[in-house]
file run-v4.cif (mmCIF, C-alpha atoms)
data_work
#
loop_
_atom_site.group_PDB
_atom_site.id
_atom_site.type_symbol
_atom_site.label_atom_id
_atom_site.label_comp_id
_atom_site.auth_asym_id
_atom_site.auth_seq_id
_atom_site.Cartn_x
_atom_site.Cartn_y
_atom_site.Cartn_z
ATOM 1 C CA MET A 1201 15.626 16.223 -32.548
ATOM 2 C CA ASP A 1202 16.636 14.022 -29.645
ATOM 3 C CA ILE A 1203 14.382 13.325 -26.701
ATOM 4 C CA SER A 1204 14.753 10.801 -23.892
ATOM 5 C CA VAL A 1205 11.892 8.367 -23.248
ATOM 6 C CA ASN A 1206 12.113 6.205 -20.142
ATOM 7 C CA GLY A 1207 15.873 6.581 -20.157
ATOM 8 C CA GLU A 1208 16.343 5.713 -23.864
ATOM 9 C CA SER A 1209 17.135 8.359 -26.434
ATOM 10 C CA ARG A 1210 14.755 8.696 -29.377
ATOM 11 C CA GLN A 1211 14.899 10.710 -32.625
ATOM 12 C CA VAL A 1212 11.649 12.521 -33.391
ATOM 13 C CA PRO A 1213 10.629 15.245 -35.856
ATOM 14 C CA ASP A 1214 9.970 18.835 -34.723
ATOM 15 C CA GLY A 1215 6.440 19.373 -33.455
ATOM 16 C CA TYR A 1216 6.172 15.746 -32.312
ATOM 17 C CA THR A 1217 3.257 15.454 -29.868
ATOM 18 C CA ALA A 1218 2.717 13.410 -26.730
ATOM 19 C CA GLU A 1219 -0.150 11.698 -28.528
ATOM 20 C CA GLN A 1220 2.169 10.617 -31.367
ATOM 21 C CA LEU A 1221 4.688 9.219 -28.916
ATOM 22 C CA VAL A 1222 2.032 7.268 -27.014
ATOM 23 C CA GLU A 1223 0.765 5.839 -30.293
ATOM 24 C CA ALA A 1224 4.276 4.915 -31.453
ATOM 25 C CA MET A 1225 4.767 3.018 -28.196
ATOM 26 C CA GLY A 1226 1.519 1.106 -28.654
ATOM 27 C CA LEU A 1227 0.074 2.624 -25.491
ATOM 28 C CA THR A 1228 -2.935 4.464 -26.919
ATOM 29 C CA GLY A 1229 -5.946 3.979 -24.663
ATOM 30 C CA LYS A 1230 -3.835 2.329 -21.948
ATOM 31 C CA ARG A 1231 -3.886 3.561 -18.381
ATOM 32 C CA ILE A 1232 -0.584 5.446 -18.243
ATOM 33 C CA ALA A 1233 0.809 8.690 -16.859
ATOM 34 C CA MET A 1234 3.455 10.958 -18.366
ATOM 35 C CA GLU A 1235 5.867 13.500 -16.997
ATOM 36 C CA VAL A 1236 8.223 15.721 -18.966
ATOM 37 C CA ASN A 1237 11.225 17.124 -17.101
ATOM 38 C CA GLN A 1238 9.506 16.085 -13.859
ATOM 39 C CA GLU A 1239 6.267 17.946 -14.644
ATOM 40 C CA ILE A 1240 3.023 16.001 -15.155
ATOM 41 C CA VAL A 1241 1.461 16.155 -18.622
ATOM 42 C CA PRO A 1242 -2.297 15.575 -18.204
ATOM 43 C CA ARG A 1243 -3.715 12.895 -20.508
ATOM 44 C CA SER A 1244 -6.301 15.334 -21.870
ATOM 45 C CA THR A 1245 -3.516 17.515 -23.325
ATOM 46 C CA TYR A 1246 -1.510 14.824 -25.192
ATOM 47 C CA GLY A 1247 -2.872 15.963 -28.589
ATOM 48 C CA SER A 1248 -1.605 19.520 -28.239
ATOM 49 C CA TYR A 1249 1.532 18.911 -26.146
ATOM 50 C CA THR A 1250 4.685 19.161 -28.282
ATOM 51 C CA PHE A 1251 8.137 18.111 -27.116
ATOM 52 C CA ASN A 1252 11.287 20.205 -27.142
ATOM 53 C CA MET A 1253 14.816 19.036 -27.866
ATOM 54 C CA GLY A 1254 16.374 17.312 -24.853
ATOM 55 C CA ASP A 1255 13.076 16.701 -23.054
ATOM 56 C CA LYS A 1256 13.239 13.903 -20.501
ATOM 57 C CA ILE A 1257 10.004 11.956 -20.695
ATOM 58 C CA GLU A 1258 8.801 9.267 -18.324
ATOM 59 C CA ILE A 1259 5.777 7.114 -19.112
ATOM 60 C CA VAL A 1260 4.565 4.876 -16.299
ATOM 61 C CA HIS A 1261 1.841 2.392 -15.480
ATOM 62 C CA ALA A 1262 0.711 0.332 -12.489
ATOM 63 C CA VAL A 1263 2.451 -2.964 -11.708
ATOM 64 C CA GLY A 1264 2.153 -5.438 -8.850
ATOM 65 C CA GLY A 1265 3.564 -4.136 -5.585
ATOM 66 C CA GLY A 1266 3.087 -4.093 -1.833
ATOM 67 C CA MET B 446 -29.109 -16.802 15.347
ATOM 68 C CA THR B 447 -27.027 -15.513 18.245
ATOM 69 C CA GLN B 448 -26.498 -11.774 18.274
ATOM 70 C CA VAL B 449 -22.813 -10.898 18.112
ATOM 71 C CA LYS B 450 -21.789 -7.306 18.799
ATOM 72 C CA GLN B 451 -21.271 -5.470 15.513
ATOM 73 C CA ASP B 452 -17.941 -3.801 14.819
ATOM 74 C CA THR B 453 -17.714 -0.254 13.473
ATOM 75 C CA PRO B 454 -16.230 0.090 9.988
ATOM 76 C CA LEU B 455 -12.646 1.109 9.326
ATOM 77 C CA VAL B 456 -12.660 4.745 8.154
ATOM 78 C CA ILE B 457 -9.737 6.051 6.125
ATOM 79 C CA ALA B 458 -9.851 9.612 4.772
ATOM 80 C CA GLY B 459 -13.609 9.706 5.311
ATOM 81 C CA LYS B 460 -14.356 6.475 3.439
ATOM 82 C CA GLU B 461 -15.742 3.400 5.202
ATOM 83 C CA TYR B 462 -14.316 -0.071 4.641
ATOM 84 C CA SER B 463 -15.768 -3.286 6.018
ATOM 85 C CA SER B 464 -12.523 -5.255 5.588
ATOM 86 C CA ARG B 465 -9.574 -4.523 7.849
ATOM 87 C CA LEU B 466 -7.191 -6.460 5.634
ATOM 88 C CA LEU B 467 -5.320 -4.495 2.976
ATOM 89 C CA VAL B 468 -3.279 -6.426 0.441
ATOM 90 C CA GLY B 469 -0.452 -5.842 -1.995
ATOM 91 C CA SER B 470 -0.437 -7.084 -5.587
ATOM 92 C CA GLY B 471 3.273 -7.927 -5.923
ATOM 93 C CA LYS B 472 5.106 -11.239 -6.354
ATOM 94 C CA TYR B 473 2.195 -13.256 -7.765
ATOM 95 C CA LYS B 474 2.731 -15.835 -10.526
ATOM 96 C CA ASP B 475 0.368 -14.043 -12.900
ATOM 97 C CA ASN B 476 -2.629 -11.710 -13.014
ATOM 98 C CA GLU B 477 -5.063 -14.583 -12.532
ATOM 99 C CA GLU B 478 -3.431 -15.591 -9.249
ATOM 100 C CA THR B 479 -3.467 -11.926 -8.175
ATOM 101 C CA ARG B 480 -7.167 -11.735 -8.965
ATOM 102 C CA LEU B 481 -8.078 -14.939 -7.127
ATOM 103 C CA ALA B 482 -5.985 -14.213 -4.028
ATOM 104 C CA THR B 483 -7.249 -10.622 -3.804
ATOM 105 C CA GLU B 484 -10.820 -11.863 -4.037
ATOM 106 C CA ALA B 485 -10.260 -14.560 -1.399
ATOM 107 C CA SER B 486 -8.719 -12.014 0.985
ATOM 108 C CA GLY B 487 -11.894 -9.927 0.986
ATOM 109 C CA ALA B 488 -9.659 -6.832 0.884
ATOM 110 C CA GLU B 489 -11.117 -3.600 -0.452
ATOM 111 C CA ILE B 490 -7.852 -1.664 -0.641
ATOM 112 C CA VAL B 491 -5.061 -3.022 -2.877
ATOM 113 C CA THR B 492 -1.608 -1.524 -3.281
ATOM 114 C CA VAL B 493 0.186 -1.192 -6.628
ATOM 115 C CA ALA B 494 3.615 0.098 -7.640
ATOM 116 C CA ILE B 495 4.325 2.677 -10.360
ATOM 117 C CA ARG B 496 6.962 1.719 -12.930
ATOM 118 C CA ARG B 497 8.133 2.623 -16.437
ATOM 119 C CA SER B 498 6.064 1.331 -19.357
ATOM 120 C CA ASN B 499 8.630 -0.535 -21.408
ATOM 121 C CA ILE B 500 9.427 0.651 -24.860
ATOM 122 C CA GLY B 501 8.399 -1.940 -27.424
ATOM 123 C CA GLN B 502 6.560 -4.079 -24.897
ATOM 124 C CA ASN B 503 3.861 -6.414 -26.095
ATOM 125 C CA PRO B 504 0.799 -4.148 -26.383
ATOM 126 C CA ASP B 505 -1.467 -7.098 -25.576
ATOM 127 C CA GLU B 506 0.315 -7.767 -22.290
ATOM 128 C CA PRO B 507 -2.375 -8.096 -19.619
ATOM 129 C CA ASN B 508 -2.797 -5.010 -17.472
ATOM 130 C CA LEU B 509 -2.697 -5.449 -13.694
ATOM 131 C CA LEU B 510 -5.682 -3.126 -13.315
ATOM 132 C CA GLU B 511 -7.801 -5.601 -15.269
ATOM 133 C CA ALA B 512 -7.213 -8.146 -12.483
ATOM 134 C CA ILE B 513 -7.898 -5.572 -9.753
ATOM 135 C CA PRO B 514 -10.229 -3.045 -11.410
ATOM 136 C CA PRO B 515 -10.364 0.427 -9.802
ATOM 137 C CA GLU B 516 -14.165 0.255 -10.061
ATOM 138 C CA LYS B 517 -14.152 -2.666 -7.626
ATOM 139 C CA TYR B 518 -11.151 -1.925 -5.376
ATOM 140 C CA THR B 519 -9.642 1.191 -3.853
ATOM 141 C CA ILE B 520 -6.244 1.247 -5.556
ATOM 142 C CA LEU B 521 -3.469 2.390 -3.254
ATOM 143 C CA PRO B 522 -0.382 3.369 -5.272
ATOM 144 C CA ASN B 523 2.844 3.062 -3.299
ATOM 145 C CA THR B 524 6.211 4.778 -3.504
ATOM 146 C CA ALA B 525 8.150 1.522 -3.094
ATOM 147 C CA GLY B 526 11.758 1.759 -4.182
ATOM 148 C CA CYS B 527 12.031 5.486 -3.418
ATOM 149 C CA TYR B 528 14.982 6.540 -1.266
ATOM 150 C CA THR B 529 14.354 10.300 -1.307
ATOM 151 C CA ALA B 530 11.369 12.517 -0.511
ATOM 152 C CA GLU B 531 11.690 14.013 -3.986
ATOM 153 C CA ASP B 532 11.286 10.653 -5.773
ATOM 154 C CA ALA B 533 8.363 9.720 -3.520
ATOM 155 C CA VAL B 534 6.518 12.964 -4.257
ATOM 156 C CA ARG B 535 7.141 12.556 -8.011
ATOM 157 C CA THR B 536 5.797 9.004 -7.862
ATOM 158 C CA CYS B 537 2.632 10.128 -6.061
ATOM 159 C CA LYS B 538 1.977 12.838 -8.633
ATOM 160 C CA LEU B 539 2.326 10.331 -11.486
ATOM 161 C CA ALA B 540 0.026 7.918 -9.631
ATOM 162 C CA ARG B 541 -2.622 10.604 -9.192
ATOM 163 C CA GLU B 542 -2.531 11.345 -12.925
ATOM 164 C CA LEU B 543 -2.617 7.609 -13.720
ATOM 165 C CA LEU B 544 -5.665 7.048 -11.516
ATOM 166 C CA ASP B 545 -7.661 10.062 -12.719
ATOM 167 C CA GLY B 546 -7.094 12.290 -9.708
ATOM 168 C CA HIS B 547 -7.379 9.576 -7.036
ATOM 169 C CA ASP B 548 -5.395 11.049 -4.155
ATOM 170 C CA LEU B 549 -5.001 8.219 -1.607
ATOM 171 C CA VAL B 550 -1.359 7.066 -1.584
ATOM 172 C CA LYS B 551 0.915 4.828 0.434
ATOM 173 C CA LEU B 552 4.078 6.757 1.222
ATOM 174 C CA GLU B 553 7.223 4.799 1.911
ATOM 175 C CA VAL B 554 10.721 6.214 1.723
ATOM 176 C CA LEU B 555 13.356 3.589 2.310
ATOM 177 C CA GLY B 556 16.694 4.177 3.939
ATOM 178 C CA ASP B 557 18.584 0.907 3.770
ATOM 179 C CA GLU B 558 18.691 -1.805 1.122
ATOM 180 C CA LYS B 559 19.331 -4.728 3.428
ATOM 181 C CA THR B 560 16.573 -4.095 5.976
ATOM 182 C CA LEU B 561 14.340 -1.852 3.848
ATOM 183 C CA PHE B 562 13.848 0.167 7.009
ATOM 184 C CA PRO B 563 12.142 3.494 6.372
ATOM 185 C CA ASP B 564 14.168 6.707 6.275
ATOM 186 C CA VAL B 565 11.923 8.562 8.684
ATOM 187 C CA ILE B 566 13.561 11.950 8.049
ATOM 188 C CA GLN B 567 12.822 11.756 4.316
ATOM 189 C CA THR B 568 9.403 10.262 5.107
ATOM 190 C CA LEU B 569 8.469 13.267 7.279
ATOM 191 C CA LYS B 570 9.622 15.638 4.546
ATOM 192 C CA ALA B 571 7.662 13.848 1.829
ATOM 193 C CA ALA B 572 4.554 13.578 4.032
ATOM 194 C CA GLU B 573 4.562 17.332 4.595
ATOM 195 C CA GLU B 574 4.827 18.087 0.886
ATOM 196 C CA LEU B 575 2.156 15.571 -0.066
ATOM 197 C CA VAL B 576 -0.344 16.744 2.558
ATOM 198 C CA LYS B 577 0.186 20.339 1.350
ATOM 199 C CA ASP B 578 -0.576 19.127 -2.172
ATOM 200 C CA ASP B 579 -3.902 17.610 -0.953
ATOM 201 C CA PHE B 580 -2.834 13.974 -1.059
ATOM 202 C CA LYS B 581 -4.379 11.577 1.473
ATOM 203 C CA VAL B 582 -1.285 9.932 2.860
ATOM 204 C CA MET B 583 -1.116 6.482 4.437
ATOM 205 C CA VAL B 584 2.428 6.319 5.678
ATOM 206 C CA TYR B 585 4.773 3.395 6.222
ATOM 207 C CA THR B 586 7.099 4.061 9.141
ATOM 208 C CA SER B 587 9.164 2.510 11.900
ATOM 209 C CA ASP B 588 7.518 1.460 15.164
ATOM 210 C CA ASP B 589 8.750 4.668 16.831
ATOM 211 C CA LEU B 590 5.953 6.384 18.770
ATOM 212 C CA LEU B 591 7.347 9.903 18.445
ATOM 213 C CA ILE B 592 7.716 9.682 14.671
ATOM 214 C CA ALA B 593 4.230 8.156 14.412
ATOM 215 C CA LYS B 594 2.780 11.095 16.384
ATOM 216 C CA GLU B 595 4.648 13.575 14.206
ATOM 217 C CA LEU B 596 3.257 11.937 11.044
ATOM 218 C CA GLU B 597 -0.236 12.209 12.483
ATOM 219 C CA ALA B 598 0.352 15.881 13.355
ATOM 220 C CA ILE B 599 1.460 16.557 9.769
ATOM 221 C CA GLY B 600 -1.931 15.300 8.594
ATOM 222 C CA CYS B 601 -1.398 11.729 7.402
ATOM 223 C CA VAL B 602 -4.722 9.841 7.226
ATOM 224 C CA ALA B 603 -3.240 6.573 8.526
ATOM 225 C CA VAL B 604 0.030 5.609 10.166
ATOM 226 C CA MET B 605 1.451 2.195 9.303
ATOM 227 C CA PRO B 606 4.334 0.969 11.459
ATOM 228 C CA LEU B 607 6.299 -2.104 10.427
ATOM 229 C CA ALA B 608 6.032 -5.251 12.539
ATOM 230 C CA ALA B 609 9.277 -6.660 11.079
ATOM 231 C CA PRO B 610 11.295 -5.951 7.906
ATOM 232 C CA ILE B 611 9.345 -5.915 4.601
ATOM 233 C CA GLY B 612 8.984 -9.420 3.163
ATOM 234 C CA SER B 613 10.655 -11.062 6.177
ATOM 235 C CA GLY B 614 7.588 -12.832 7.566
ATOM 236 C CA LEU B 615 9.058 -12.614 11.074
ATOM 237 C CA GLY B 616 5.801 -11.550 12.714
ATOM 238 C CA ILE B 617 5.185 -8.861 15.329
ATOM 239 C CA ARG B 618 8.682 -8.339 16.771
ATOM 240 C CA ASN B 619 7.818 -5.556 19.188
ATOM 241 C CA PRO B 620 4.179 -5.726 20.241
ATOM 242 C CA TYR B 621 4.743 -3.159 22.987
ATOM 243 C CA ASN B 622 5.829 -0.469 20.520
ATOM 244 C CA ILE B 623 2.861 -1.206 18.245
ATOM 245 C CA ARG B 624 0.605 -0.957 21.295
ATOM 246 C CA PHE B 625 2.030 2.449 22.289
ATOM 247 C CA ILE B 626 1.273 3.785 18.804
ATOM 248 C CA VAL B 627 -2.247 2.311 18.775
ATOM 249 C CA GLU B 628 -3.002 3.889 22.157
ATOM 250 C CA GLU B 629 -1.637 7.346 21.374
ATOM 251 C CA LEU B 630 -2.855 8.038 17.842
ATOM 252 C CA LYS B 631 -6.333 9.080 16.747
ATOM 253 C CA VAL B 632 -5.902 8.209 13.038
ATOM 254 C CA PRO B 633 -6.083 4.541 12.024
ATOM 255 C CA VAL B 634 -2.947 2.538 12.815
ATOM 256 C CA LEU B 635 -2.203 -0.405 10.538
ATOM 257 C CA VAL B 636 0.632 -2.873 10.732
ATOM 258 C CA ASP B 637 2.384 -2.755 7.366
ATOM 259 C CA ALA B 638 5.090 -5.335 6.673
ATOM 260 C CA GLY B 639 6.466 -8.280 8.607
ATOM 261 C CA VAL B 640 3.430 -10.529 8.950
ATOM 262 C CA GLY B 641 4.285 -14.133 8.005
ATOM 263 C CA THR B 642 1.208 -16.214 8.710
ATOM 264 C CA ALA B 643 -2.360 -16.009 9.988
ATOM 265 C CA SER B 644 -1.490 -15.967 13.702
ATOM 266 C CA ASP B 645 0.749 -12.897 13.158
ATOM 267 C CA ALA B 646 -2.184 -11.049 11.594
ATOM 268 C CA ALA B 647 -4.416 -12.053 14.516
ATOM 269 C CA VAL B 648 -1.815 -10.800 17.017
ATOM 270 C CA ALA B 649 -1.657 -7.421 15.242
ATOM 271 C CA MET B 650 -5.425 -7.098 15.485
ATOM 272 C CA GLU B 651 -5.503 -8.266 19.118
ATOM 273 C CA LEU B 652 -3.090 -5.427 19.901
ATOM 274 C CA GLY B 653 -5.816 -3.059 18.746
ATOM 275 C CA CYS B 654 -4.519 -2.191 15.292
ATOM 276 C CA ASP B 655 -7.199 -0.878 12.943
ATOM 277 C CA GLY B 656 -5.976 -3.091 10.131
ATOM 278 C CA VAL B 657 -3.057 -4.930 8.557
ATOM 279 C CA LEU B 658 -1.447 -4.426 5.160
ATOM 280 C CA MET B 659 0.392 -7.432 3.767
ATOM 281 C CA ASN B 660 1.719 -8.783 0.490
ATOM 282 C CA THR B 661 4.443 -11.423 0.745
ATOM 283 C CA ALA B 662 2.704 -13.446 3.485
ATOM 284 C CA ILE B 663 -0.019 -14.238 0.941
ATOM 285 C CA ALA B 664 1.872 -14.143 -2.372
ATOM 286 C CA ALA B 665 4.804 -16.283 -1.163
ATOM 287 C CA ALA B 666 2.632 -18.944 0.512
ATOM 288 C CA GLN B 667 2.584 -22.370 -1.163
ATOM 289 C CA ASP B 668 -1.101 -21.774 -1.898
ATOM 290 C CA PRO B 669 -1.636 -17.998 -2.019
ATOM 291 C CA VAL B 670 -5.405 -18.170 -2.517
ATOM 292 C CA LEU B 671 -5.869 -20.393 0.551
ATOM 293 C CA MET B 672 -3.544 -18.176 2.605
ATOM 294 C CA ALA B 673 -5.548 -15.116 1.518
ATOM 295 C CA SER B 674 -8.653 -16.788 2.901
ATOM 296 C CA ALA B 675 -6.808 -17.679 6.124
ATOM 297 C CA MET B 676 -5.678 -14.071 6.530
ATOM 298 C CA LYS B 677 -9.221 -12.807 6.093
ATOM 299 C CA LYS B 678 -10.364 -15.029 8.971
ATOM 300 C CA ALA B 679 -7.347 -14.193 11.153
ATOM 301 C CA ILE B 680 -7.998 -10.459 10.798
ATOM 302 C CA GLU B 681 -11.650 -10.955 11.718
ATOM 303 C CA ALA B 682 -10.830 -13.279 14.622
ATOM 304 C CA GLY B 683 -8.135 -10.964 15.983
ATOM 305 C CA ARG B 684 -10.421 -7.961 15.726
ATOM 306 C CA GLU B 685 -13.261 -9.725 17.559
ATOM 307 C CA ALA B 686 -10.862 -10.945 20.259
ATOM 308 C CA TYR B 687 -9.636 -7.361 20.736
ATOM 309 C CA LEU B 688 -13.197 -6.043 21.027
ATOM 310 C CA ALA B 689 -14.178 -8.910 23.340
ATOM 311 C CA GLY B 690 -11.270 -8.159 25.688
ATOM 312 C CA ARG B 691 -9.069 -11.075 26.630
ATOM 313 C CA MET B 692 -9.043 -12.725 30.072
ATOM 314 C CA PRO B 693 -6.274 -11.689 32.445
ATOM 315 C CA ARG B 694 -3.151 -13.855 32.435
ATOM 316 C CA LYS B 695 -2.548 -15.896 35.598
ATOM 317 C CA ARG B 696 0.548 -17.792 36.610
ATOM 318 C CA TYR B 697 -1.319 -20.749 38.130
ATOM 319 C CA ALA B 698 -4.229 -22.920 37.110
ATOM 320 C CA ASN B 699 -7.835 -22.095 37.848
ATOM 321 C CA ALA B 700 -10.196 -25.088 37.443
ATOM 322 C CA SER B 701 -12.965 -24.651 34.890
ATOM 323 C CA SER B 702 -15.221 -27.284 36.515
ATOM 324 C CA PRO B 703 -16.851 -26.702 39.961
ATOM 325 C CA LEU B 704 -14.978 -27.952 43.006
ATOM 326 C CA ASP B 705 -18.255 -28.459 44.939
ATOM 327 C CA GLY B 706 -20.366 -31.601 44.494
ATOM 328 C CA THR B 707 -17.598 -34.020 43.751
ATOM 329 C CA PHE B 708 -18.589 -37.614 44.770
ATOM 330 C CA PHE B 709 -15.091 -39.060 44.869
#

call {"tool": "encode", "arguments": {"input": "run-v4.cif", "output": "structure tokens"}}
result
Amino acid sequence: MDISVNGESRQVPDGYTAEQLVEAMGLTGKRIAMEVNQEIVPRSTYGSYTFNMGDKIEIVHAVGGG
Amino acid sequence: MTQVKQDTPLVIAGKEYSSRLLVGSGKYKDNEETRLATEASGAEIVTVAIRRSNIGQNPDEPNLLEAIPPEKYTILPNTAGCYTAEDAVRTCKLARELLDGHDLVKLEVLGDEKTLFPDVIQTLKAAEELVKDDFKVMVYTSDDLLIAKELEAIGCVAVMPLAAPIGSGLGIRNPYNIRFIVEELKVPVLVDAGVGTASDAAVAMELGCDGVLMNTAIAAAQDPVLMASAMKKAIEAGREAYLAGRMPRKRYANASSPLDGTFF
């Protein structure tokens, strides 16, 4: 199925979890935050959170800013 | 040692800070320069922006929060780049998740790309939503007294009027407006944006501001670490001058040496 991650479309298998996505992006253990369709997904639930077709996912981190 | 009157700490959302200088972490050459300048500034509150983690980025890329660890500094996530209340609220929610429930945020909703002036209508809307959602909101706004009072009434924990456009370094363009806001509000008032050099920071403090938030004035200096140190001193000097109470201005001279006892 197709999902969108930070504005780029991505093909993932059914039942794909937030944890798997974070790992695939090399972000495991990093200080990040995730929202799916504008709803926050708490870090503690990544293992059990599965995506649905068409989900719009944003993964963010802190950068320099004023 | 001479006894100098002690200042009271700056209190924001119930937490005490001994430094009245707040700094941004943007525009530095690298994380090391960010770390050194932040340290030299003596700041305890440091702003960060929230942005997408790039797909396929180098996983070993140094993390900003290693240079400014949340254990050492109060991290103040901002909503820079947001032009609607909706985007600002979304950003704050992501920041709270990112920082393990930390709820102090810097709200800014911009209205114009050229001046980066705040859209105060969207800012009021976002502030209301965020306060309802238990965020502690430090809000960037124009130097308009009525809007500042409204933001305080909504429940913002600090109101931060601009002194000049963001990143312009033009200094305090309307000291009278800043003064009105300082005099009328009970929550801390901080100048946010517009400071260019140490004397600007001192002027803001002499006006009675509770603090100053700056980024470009330090990061864009030829020597950012030295400028950070200068800013630290300017904030302290300006604060002490405010507490000391300046002499009245006079149009004509008034000799400092006695007129009696001259032998010529």

call {"tool": "closest_residue", "arguments": {"input": "run-v4.cif", "among": "B:Asn622, B:Thr536, B:Thr529, B:Thr586", "to": "Glu1235 (chain A)", "atoms": "only C-alpha atoms"}}
result
B:Thr536

call {"tool": "residues_around", "arguments": {"input": "run-v4.cif", "residues": "Lys1230 (chain A)", "least_positions_apart": "2", "cutoff": "12 Å", "atoms": "only C-alpha atoms", "output": "count of residues only"}}
result
25

call {"tool": "interface_residues", "arguments": {"input": "run-v4.cif", "of": "chain B", "to": "chain A", "cutoff": "9 Å", "atoms": "all atoms listed in the file", "output": "ChimeraX atom specification"}}
result
/B:468-473,476,479,491-504,508-510,522-523,525,535,538-544,638,658-661

call {"tool": "resolve_selection", "arguments": {"input": "run-v4.cif", "expression": "the PyMOL selection byres ((chain B and resi 603-620) around 8)", "output": "PyMOL selection string"}}
result
chain B and resi 457+560-562+582-589+593+596-597+601-602+621-624+632-642+645+648-649+652+660-662

call {"tool": "atom_distance", "arguments": {"input": "run-v4.cif", "atom1": "CA of Met1253 (chain A)", "atom2": "CA of Glu531 (chain B)"}}
result
24.6 Å

call {"tool": "atom_distance", "arguments": {"input": "run-v4.cif", "atom1": "CA of Thr1245 (chain A)", "atom2": "CA of Gly1229 (chain A)"}}
result
13.8 Å
